[in-house]
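Student: I'd like to ask you about the structure that follows.
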Amino acid sequence: MIRLYSILLLGLMSCATVTSQNKTVDDKVDDLLAKMTLEEKIGQMNQYSSFFDVTGPAPKEGSAKERYEHIRSGRVGSVLNVRGVKEVRKMQELAVEESRLGIPLIFGYDVIHGYSTQAPIPLAESASWDLEAIQNSARLAAKEAAATGLNWTFAPMVDISRDARWGRVMEGAGEDPYLGSRIAEARVIGFQGDDLSSPETIAATAKHFAAYGFAESGKDYNTADVGLSTLYNVILPPFKAAVDAGVRTFMNSFNELNGVPATGDVFLQRELLKGEWGFNGFIVSDWGSIIEMVDHGYAADAKHASELAANAGSDMDMESNAYVNHLAALVAEGKVDETKINDAARRILKVKFELGLFDDPYKYCDEARESSTLGNTEQKEGALDMAKKSMVLLKNQDNLLPLPKSGKKIAIIGQLANDKNSPLGNWRMGASDNTAVSVVEGFAQYSGNKVVYEQGVKLFDGQEIFAMHIDVNEDDNSGIEEAVKVAQESDVVVLVVGEHGYMSGEGRSRANIGLPGLQQEMLEAIMEVNNNVVLVLMNGRPLAINWADQHVPAILEAWQPGTMSGDAIAQVVFGDYNPSGKLPMTFPKDVAQVPIYYNHKNTGRPGPKDVVFWSHYSDMTNEPLYPFGYGLSYSSFEYSDLSTATVDGKVKVSVTVKNTSSVDGEEVVQLYIRDKVASVTRPVKELKGFEKVSIKAGESQQVSFTLTDKELGFYNNKGVYIVEPGEFDIMVGGSSAAGLTDTITL
Ligand code: BGC
């Protein structure tokens, strides 16, 4: 019987190739839809996570057997979390060779910053402000993932966030909608390339639509209650940019937004995304987010949740089991119109056609390609390049960095320095554990120094990915004494501190964002005996490290730099690479300042004032520790000759940037505007352009920008984009704080 279907199917497919030559993808989708039963169309809207050992025997009982049968009866459109070509092929065979119409599955996975080879976490990559490098990093991730049989990633996460307590800031591009939009485009293009049907590209997902990053108090999954101005001007732009860059799928989100769970939100999904923005790909729910509408108090039960989600435009159900169980009945009862099912199935099939899965469902299943791609030199070199570009030099008093390559006794201290797992970050399910180059290993390349390693105080014991939390040591400070002794006997201390990779990410919000455990105590003890301390931070979010900034001469933000971690850190520390990263998120002095972000409003009571009645804390400054866009280099740069001119409604801006040091370097030249009077108040500064330039020692470069309506306007509270005449400040500098300013009138 199975064989008969296969033969029939092969016949059908070859027929399709003969007749399909002049047909568009849309025609092909229509032809296929016409052959499908309602159940099969609903099947396309159903996604399961990998549920059995695919290469082993077929499941004999329980829900795994049911799911297995669902694939064979065309009631599954997609599977996530299947790993490796062998497994993908087997699973695909079930769909293609055993279901009535043989519609291929699409295989999704969280390829967030690499599959097997990990690039730095996305927040770190964003600190490079290097769009080409970010695009290339996504391209490499796609190449590796596609070689393992995958054809769809749930990335990029384009959620803007202003709250460093939120664990998922590690997965985004930080706090700014302009930078976030440019990075969203770069990542979408990187994953998808210019030909989705190439076996080296995969479909991307813009997630989580919308406002997931505005979870109240930084607690994951929490309520988002956001005003229209912030929604239109801060949260939505990166999503719109992803649509404009051609992203093929969207994921909605767990949170409610202004009282409506995003998964059931008609305005967001049907009216805005699919309506006004003309998005013609499909929307997948977040994991179980359809059924979670019951807990939200928005749906009475799973059936009601299915009705709400389908009517709102959520096309694919990730792991709620809701559509597959209830949609057919809802159509029969007239509660969900069949045209909505057709629309969802059409969108999903369209992406499958674009991926080329109907031409060859096994096109991503090439074991030879898999083994020659995973972790190959191209992947490793790409990861190393990205890691170096992601690092941000936060402080470098008296040019302590770079360290000399020989003649010194260097102590590397800290458990994270010897860790080969944590640097891989949180989202690295395709990577084997302990595959990062540790700092200790990276330093071994520089054998001209005498290097000793000392763990110092223990930071953590357990590192289970799904553990409730990393078991951080808060009591046992016994390692500090030895660390102090080693520090005392050394010329320089490289102290590696921060968070374990699993301390940020989904469900990993923190109420305190200082150095976890007893690391601060160790830092203070070491500073008592040796002032030559280079603090290397490895973390997945901005940390409040005010004390360190006041006392430690050199601080390098390395984030979780991925597979090539230790090599990248060593090359920066010893000056083989001149750091040029800039912070994509404000670092607070204290968690009490959060949310803190550069593009805030002026208020009616800005300060500082010499009376008490202005917008401030009485026990804490308003100033951040390090502002958005900040980052040093081994070079130093000077800005001069800002000139602005208005030509045909466009503003031409130019500035001279001089490398005043004796070291060649790169600088991210940033342009901010302030619309001084507007019908909806505008922030005190808004990033509207940046360029990363490479300037030789002692040389100058002129950098030019053109501002058009696209940069000079904003969305009013009806979601209409307007440009209003009036005065604008134009500010240019190396961070959101510094800057030459000019004023123009439009
Ligand atoms: C996350 C998504 C992810 C999905 C699938 C969810 O818990 O919120 O971002 O893509 O799981 O792994």
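Identifiers in this document derive from the order of the structure tokens: chains are assigned A, B, ..., residues are numbered from 1 separately in each chain, and ligands are numbered from 1 in order of occurrence.
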Output the neighbourhood of ligand 1 as a PyMOL selection string, that is, all protein and nucleic acid residues with some atom at most 6 Å from the ligand, counting only C-alpha atoms and all ligand atoms.
Tutor: chain A and resi 110+154+286-287
Student: Restricted to C-alpha atoms, what would the selected residues look like written as a PDB file, in the first residue's frame?
Tutor:
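Result saved to again-v5.pdb:
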ATOM      1  CA  ASP A 110      16.461  27.666  17.185  1.00  0.00           C
ATOM      2  CA  PHE A 154      13.408  30.740  14.739  1.00  0.00           C
ATOM      3  CA  ASP A 286       5.380  30.512  20.220  1.00  0.00           C
ATOM      4  CA  TRP A 287       5.722  27.208  22.061  1.00  0.00           C
TER       5      TRP A 287
END
Student: Could you pull the residues within 9 Å of range 605-621 of chain A, counting only C-alpha atoms, minus those fewer than 5 positions along the same chain, as a PyMOL selection string?
Tutor: chain A and resi 589-590+592-593
Student: With all heavy atoms retained, write the just-selected residues as a CSV table (one decimal), in the first residue's frame.
Tutor:
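Dumped everything to selection31.csv:
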chain,number,residue,atom,x,y,z
A,589,LYS,N,24.3,52.1,36.6
A,589,LYS,CA,25.2,52.1,37.7
A,589,LYS,C,24.6,51.1,38.8
A,589,LYS,O,25.4,50.5,39.6
A,589,LYS,CB,25.2,53.5,38.4
A,589,LYS,CG,26.0,54.4,37.5
A,589,LYS,CD,26.5,55.6,38.3
A,589,LYS,CE,27.7,56.2,37.7
A,589,LYS,NZ,27.5,57.6,37.2
A,590,ASP,N,23.3,51.0,38.8
A,590,ASP,CA,22.6,50.2,39.8
A,590,ASP,C,21.3,49.7,39.2
A,590,ASP,O,20.7,50.4,38.4
A,590,ASP,CB,22.3,51.1,41.0
A,590,ASP,CG,21.9,50.3,42.2
A,590,ASP,OD1,20.8,49.7,42.1
A,590,ASP,OD2,22.6,50.2,43.2
A,592,ALA,N,18.6,49.6,40.3
A,592,ALA,CA,17.5,50.4,40.7
A,592,ALA,C,17.2,51.4,39.6
A,592,ALA,O,16.1,52.0,39.5
A,592,ALA,CB,17.7,51.2,42.0
A,593,GLN,N,18.1,51.7,38.7
A,593,GLN,CA,17.9,52.7,37.6
A,593,GLN,C,17.1,52.0,36.4
A,593,GLN,O,16.6,52.8,35.5
A,593,GLN,CB,19.2,53.2,37.0
A,593,GLN,CG,20.0,54.0,38.0
A,593,GLN,CD,21.4,54.4,37.4
A,593,GLN,OE1,22.1,53.5,36.9
A,593,GLN,NE2,21.7,55.6,37.4
Student: Determine the nearest neighbour of Ser509 in chain A from the options A:Gly540, A:Pro156, A:Pro627, A:Gly665, counting only C-alpha atoms.
Tutor: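 The answer is A:Gly540, which sits nearest to Ser509 in chain A.
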Student: Taking into account only C-alpha atoms, which residue in the set A:Ser661, A:Asn396, A:Thr681, A:Ser643 is nearest to Leu556 in chain A?
Tutor: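 Between A:Ser661, A:Asn396, A:Thr681, A:Ser643, the residue approaching Leu556 in chain A most closely is A:Asn396.
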Student: For CA of Arg165 in chain A and CA of Gly218 in chain A, determine how far apart the two atoms are, in Å to one decimal place.
Tutor: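 Atom-to-atom, CA of Arg165 in chain A to CA of Gly218 in chain A, that is 5.1 Å.
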Student: DSSP on the backbone, helix (DSSP H, G or I) only: what residues of range 312-455 of chain A does that give? Format it as a ChimeraX atom specification.
Tutor: /A:312,323-332,338-354,367-373,377-390,397-399,415-418,422-424,439-443
Student: Using only C-alpha atoms, which residues sit within 9 Å of Gly566 in chain A once same-chain residues fewer than 4 positions away are excluded, as a PDB file with N, CA, C and O atoms, in the first residue's frame?
Tutor:
ATOM      1  N   ALA A 417      37.184  31.563  33.385  1.00  0.00           N
ATOM      2  CA  ALA A 417      38.347  31.569  32.479  1.00  0.00           C
ATOM      3  C   ALA A 417      38.698  30.174  32.003  1.00  0.00           C
ATOM      4  O   ALA A 417      39.334  29.995  30.970  1.00  0.00           O
ATOM      5  N   LYS A 420      34.707  25.742  29.323  1.00  0.00           N
ATOM      6  CA  LYS A 420      34.571  25.542  27.876  1.00  0.00           C
ATOM      7  C   LYS A 420      33.101  25.424  27.464  1.00  0.00           C
ATOM      8  O   LYS A 420      32.784  25.171  26.312  1.00  0.00           O
ATOM      9  N   PRO A 423      30.854  29.833  27.676  1.00  0.00           N
ATOM     10  CA  PRO A 423      30.980  30.819  26.581  1.00  0.00           C
ATOM     11  C   PRO A 423      30.100  30.514  25.380  1.00  0.00           C
ATOM     12  O   PRO A 423      29.912  31.358  24.513  1.00  0.00           O
ATOM     13  N   ALA A 436      33.851  25.170  23.553  1.00  0.00           N
ATOM     14  CA  ALA A 436      34.436  26.507  23.363  1.00  0.00           C
ATOM     15  C   ALA A 436      35.922  26.479  23.735  1.00  0.00           C
ATOM     16  O   ALA A 436      36.343  25.699  24.593  1.00  0.00           O
ATOM     17  N   VAL A 437      36.685  27.329  23.079  1.00  0.00           N
ATOM     18  CA  VAL A 437      38.079  27.526  23.492  1.00  0.00           C
ATOM     19  C   VAL A 437      38.031  28.386  24.756  1.00  0.00           C
ATOM     20  O   VAL A 437      37.450  29.472  24.749  1.00  0.00           O
ATOM     21  N   SER A 438      38.589  27.895  25.850  1.00  0.00           N
ATOM     22  CA  SER A 438      38.543  28.680  27.096  1.00  0.00           C
ATOM     23  C   SER A 438      39.580  29.799  27.046  1.00  0.00           C
ATOM     24  O   SER A 438      40.482  29.791  26.202  1.00  0.00           O
ATOM     25  N   VAL A 439      39.452  30.726  27.974  1.00  0.00           N
ATOM     26  CA  VAL A 439      40.426  31.819  28.052  1.00  0.00           C
ATOM     27  C   VAL A 439      41.825  31.253  28.340  1.00  0.00           C
ATOM     28  O   VAL A 439      42.819  31.667  27.739  1.00  0.00           O
ATOM     29  N   VAL A 440      41.863  30.281  29.239  1.00  0.00           N
ATOM     30  CA  VAL A 440      43.157  29.679  29.576  1.00  0.00           C
ATOM     31  C   VAL A 440      43.790  29.083  28.317  1.00  0.00           C
ATOM     32  O   VAL A 440      44.984  29.295  28.042  1.00  0.00           O
ATOM     33  N   GLU A 441      43.001  28.397  27.518  1.00  0.00           N
ATOM     34  CA  GLU A 441      43.527  27.815  26.272  1.00  0.00           C
ATOM     35  C   GLU A 441      43.937  28.903  25.279  1.00  0.00           C
ATOM     36  O   GLU A 441      44.960  28.799  24.615  1.00  0.00           O
ATOM     37  N   GLY A 442      43.133  29.938  25.198  1.00  0.00           N
ATOM     38  CA  GLY A 442      43.435  31.023  24.259  1.00  0.00           C
ATOM     39  C   GLY A 442      44.751  31.710  24.591  1.00  0.00           C
ATOM     40  O   GLY A 442      45.536  32.064  23.702  1.00  0.00           O
ATOM     41  N   PHE A 443      45.022  31.877  25.897  1.00  0.00           N
ATOM     42  CA  PHE A 443      46.248  32.561  26.316  1.00  0.00           C
ATOM     43  C   PHE A 443      47.494  31.730  26.023  1.00  0.00           C
ATOM     44  O   PHE A 443      48.600  32.269  25.945  1.00  0.00           O
ATOM     45  N   PRO A 561      31.256  34.757  24.069  1.00  0.00           N
ATOM     46  CA  PRO A 561      31.752  34.956  22.706  1.00  0.00           C
ATOM     47  C   PRO A 561      31.678  33.724  21.801  1.00  0.00           C
ATOM     48  O   PRO A 561      32.131  33.780  20.670  1.00  0.00           O
ATOM     49  N   GLY A 562      31.135  32.584  22.307  1.00  0.00           N
ATOM     50  CA  GLY A 562      30.941  31.432  21.436  1.00  0.00           C
ATOM     51  C   GLY A 562      32.124  30.481  21.389  1.00  0.00           C
ATOM     52  O   GLY A 562      33.004  30.483  22.255  1.00  0.00           O
ATOM     53  N   ALA A 570      41.983  36.458  23.898  1.00  0.00           N
ATOM     54  CA  ALA A 570      43.444  36.587  23.958  1.00  0.00           C
ATOM     55  C   ALA A 570      43.942  37.555  22.877  1.00  0.00           C
ATOM     56  O   ALA A 570      44.805  38.402  23.135  1.00  0.00           O
ATOM     57  N   GLN A 571      43.401  37.455  21.687  1.00  0.00           N
ATOM     58  CA  GLN A 571      43.878  38.327  20.609  1.00  0.00           C
ATOM     59  C   GLN A 571      43.579  39.794  20.902  1.00  0.00           C
ATOM     60  O   GLN A 571      44.350  40.683  20.535  1.00  0.00           O
TER      61      GLN A 571
END
Student: Out of A:Val451, A:Val703, A:Met386, A:Ala310, which residue has the shortest atom-to-atom distance to Ile410 in chain A when counting only C-alpha atoms?
Tutor: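 Ranked by minimum distance to Ile410 in chain A, first place goes to A:Val451.
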Student: Any chance you could list, as a PyMOL selection string, the residues in range 436-665 of chain A that come up strand (DSSP E) when DSSP is run on the backbone?
Tutor: chain A and resi 450-454+492-498+533-538+554-557+637-647+650-659+665
Student: Nearest to Thr230 in chain A among A:Gly719, A:Gly517, A:Asn399, A:Ser700, with distances taken over only C-alpha atoms: which residue is it?
Tutor: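 Looking at the shortest contact to Thr230 in chain A, the residue is A:Gly719.
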Student: CA of Thr117 in chain A to CA of Glu557 in chain A: how many Å, to one decimal?
Tutor: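 We find that CA of Thr117 in chain A and CA of Glu557 in chain A lie 21.2 Å from each other.
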Student: Name the residues in contact with Gly259 in chain A at a cut-off of 12 Å, using only C-alpha atoms, excluding same-chain residues fewer than 6 positions from it; report them as a ChimeraX atom specification.
Tutor: /A:222-226,265,293,296-298
Student: If we count only C-alpha atoms and set the cut-off at 7 Å, which residues sit around Val25 in chain A, ignoring sequence neighbours fewer than 2 positions away in its own chain? Please answer as a list in words.
Tutor: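 Neighbouring residues, sequence-local ones excluded: Lys23, Asp27, Lys28, Val29, Lys350 and Phe353 of chain A.
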Student: With all heavy atoms retained, could you export that selection as a PDB file, in the first residue's frame?
Tutor:
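Listing of result08.pdb after writing:
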ATOM      1  N   LYS A  23       4.426  27.781 -14.204  1.00  0.00           N
ATOM      2  CA  LYS A  23       3.554  28.172 -13.100  1.00  0.00           C
ATOM      3  C   LYS A  23       4.314  28.931 -12.027  1.00  0.00           C
ATOM      4  O   LYS A  23       5.457  28.604 -11.725  1.00  0.00           O
ATOM      5  CB  LYS A  23       2.917  26.930 -12.492  1.00  0.00           C
ATOM      6  CG  LYS A  23       1.907  26.297 -13.436  1.00  0.00           C
ATOM      7  CD  LYS A  23       1.051  25.317 -12.701  1.00  0.00           C
ATOM      8  CE  LYS A  23      -0.094  24.909 -13.610  1.00  0.00           C
ATOM      9  NZ  LYS A  23      -0.945  23.923 -12.990  1.00  0.00           N
ATOM     10  N   ASP A  27       0.494  29.698  -8.179  1.00  0.00           N
ATOM     11  CA  ASP A  27      -0.327  28.740  -8.945  1.00  0.00           C
ATOM     12  C   ASP A  27      -0.148  27.334  -8.380  1.00  0.00           C
ATOM     13  O   ASP A  27      -1.100  26.579  -8.223  1.00  0.00           O
ATOM     14  CB  ASP A  27       0.105  28.696 -10.426  1.00  0.00           C
ATOM     15  CG  ASP A  27      -0.137  30.025 -11.124  1.00  0.00           C
ATOM     16  OD1 ASP A  27      -1.015  30.776 -10.656  1.00  0.00           O
ATOM     17  OD2 ASP A  27       0.558  30.305 -12.125  1.00  0.00           O
ATOM     18  N   LYS A  28       1.094  26.995  -8.115  1.00  0.00           N
ATOM     19  CA  LYS A  28       1.374  25.633  -7.619  1.00  0.00           C
ATOM     20  C   LYS A  28       0.684  25.410  -6.270  1.00  0.00           C
ATOM     21  O   LYS A  28       0.142  24.336  -6.008  1.00  0.00           O
ATOM     22  CB  LYS A  28       2.882  25.425  -7.462  1.00  0.00           C
ATOM     23  CG  LYS A  28       3.631  25.432  -8.789  1.00  0.00           C
ATOM     24  CD  LYS A  28       5.106  25.215  -8.522  1.00  0.00           C
ATOM     25  CE  LYS A  28       5.952  25.567  -9.728  1.00  0.00           C
ATOM     26  NZ  LYS A  28       7.371  25.522  -9.479  1.00  0.00           N
ATOM     27  N   VAL A  29       0.727  26.442  -5.430  1.00  0.00           N
ATOM     28  CA  VAL A  29       0.073  26.316  -4.124  1.00  0.00           C
ATOM     29  C   VAL A  29      -1.425  26.121  -4.329  1.00  0.00           C
ATOM     30  O   VAL A  29      -2.050  25.258  -3.708  1.00  0.00           O
ATOM     31  CB  VAL A  29       0.359  27.566  -3.257  1.00  0.00           C
ATOM     32  CG1 VAL A  29      -0.474  27.544  -1.989  1.00  0.00           C
ATOM     33  CG2 VAL A  29       1.833  27.655  -2.922  1.00  0.00           C
ATOM     34  N   LYS A 350       3.385  27.942   0.543  1.00  0.00           N
ATOM     35  CA  LYS A 350       4.174  28.855  -0.294  1.00  0.00           C
ATOM     36  C   LYS A 350       5.644  28.851   0.145  1.00  0.00           C
ATOM     37  O   LYS A 350       6.550  28.733  -0.677  1.00  0.00           O
ATOM     38  CB  LYS A 350       3.583  30.265  -0.161  1.00  0.00           C
ATOM     39  CG  LYS A 350       4.158  31.313  -1.094  1.00  0.00           C
ATOM     40  CD  LYS A 350       3.354  32.612  -0.894  1.00  0.00           C
ATOM     41  CE  LYS A 350       4.072  33.831  -1.429  1.00  0.00           C
ATOM     42  NZ  LYS A 350       4.136  33.903  -2.884  1.00  0.00           N
ATOM     43  N   PHE A 353       7.298  25.698  -0.925  1.00  0.00           N
ATOM     44  CA  PHE A 353       7.656  25.725  -2.345  1.00  0.00           C
ATOM     45  C   PHE A 353       8.906  26.581  -2.553  1.00  0.00           C
ATOM     46  O   PHE A 353       9.820  26.204  -3.277  1.00  0.00           O
ATOM     47  CB  PHE A 353       6.506  26.304  -3.188  1.00  0.00           C
ATOM     48  CG  PHE A 353       5.545  25.250  -3.681  1.00  0.00           C
ATOM     49  CD1 PHE A 353       4.298  25.105  -3.097  1.00  0.00           C
ATOM     50  CD2 PHE A 353       5.892  24.399  -4.727  1.00  0.00           C
ATOM     51  CE1 PHE A 353       3.411  24.133  -3.541  1.00  0.00           C
ATOM     52  CE2 PHE A 353       5.007  23.418  -5.179  1.00  0.00           C
ATOM     53  CZ  PHE A 353       3.760  23.282  -4.580  1.00  0.00           C
TER      54      PHE A 353
END
Student: Please measure the separation of CA of Met429 in chain A and CA of Val497 in chain A, giving the value in Å to one decimal.
Tutor: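 Between these atoms lies a distance of 23.8 Å.
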Student: Determine, counting only C-alpha atoms, which protein, DNA and RNA residues have an atom within 8 Å of an atom of Trp152 in chain A; residues of the same chain fewer than 6 positions away are not included. Present the result as a ChimeraX atom specification.
Tutor: /A:106-109,202-205
Student: Once you have the residues from the selection above, write them out as a tab-separated table (two decimals), in the first residue's frame, restricted to N, CA and C atoms.
Tutor:
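This is the output file part_26.tsv:
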chain	number	residue	atom	x	y	z
A	106	ILE	N	8.44	21.01	6.94
A	106	ILE	CA	9.49	22.02	7.07
A	106	ILE	C	10.09	21.83	8.48
A	107	PHE	N	11.43	21.84	8.55
A	107	PHE	CA	12.12	21.51	9.80
A	107	PHE	C	12.68	22.78	10.45
A	108	GLY	N	12.14	23.09	11.62
A	108	GLY	CA	12.56	24.31	12.32
A	108	GLY	C	13.49	24.01	13.49
A	109	TYR	N	14.25	25.04	13.88
A	109	TYR	CA	15.19	24.87	14.99
A	109	TYR	C	15.60	26.27	15.46
A	202	ILE	N	18.26	29.19	4.75
A	202	ILE	CA	17.08	28.71	5.49
A	202	ILE	C	16.13	29.89	5.70
A	203	ALA	N	14.86	29.58	5.92
A	203	ALA	CA	13.89	30.65	6.17
A	203	ALA	C	14.12	31.22	7.57
A	204	ALA	N	13.97	32.54	7.69
A	204	ALA	CA	14.17	33.20	8.99
A	204	ALA	C	12.81	33.50	9.62
A	205	THR	N	12.85	33.81	10.91
A	205	THR	CA	11.63	34.16	11.67
A	205	THR	C	11.88	35.44	12.45
Student: Excluding Leu123 in chain A and its own-chain neighbours fewer than 5 positions away, which residues fall within 7 Å of it when counting only C-alpha atoms? Please give them as a PyMOL selection string.
Tutor: chain A and resi 169-174
Student: Restricting the calculation to only C-alpha atoms, which member of A:Phe705, A:Tyr221, A:Tyr721, A:Phe714 is positioned closest to Lys652 in chain A?
Tutor: A:Phe705
Student: When you count only C-alpha atoms, which of these residues is closest to Met318 in chain A: A:Gly62, A:Thr263, A:Val88, A:Ala124?
Tutor: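 Distance minimum relative to Met318 in chain A lands on A:Thr263.
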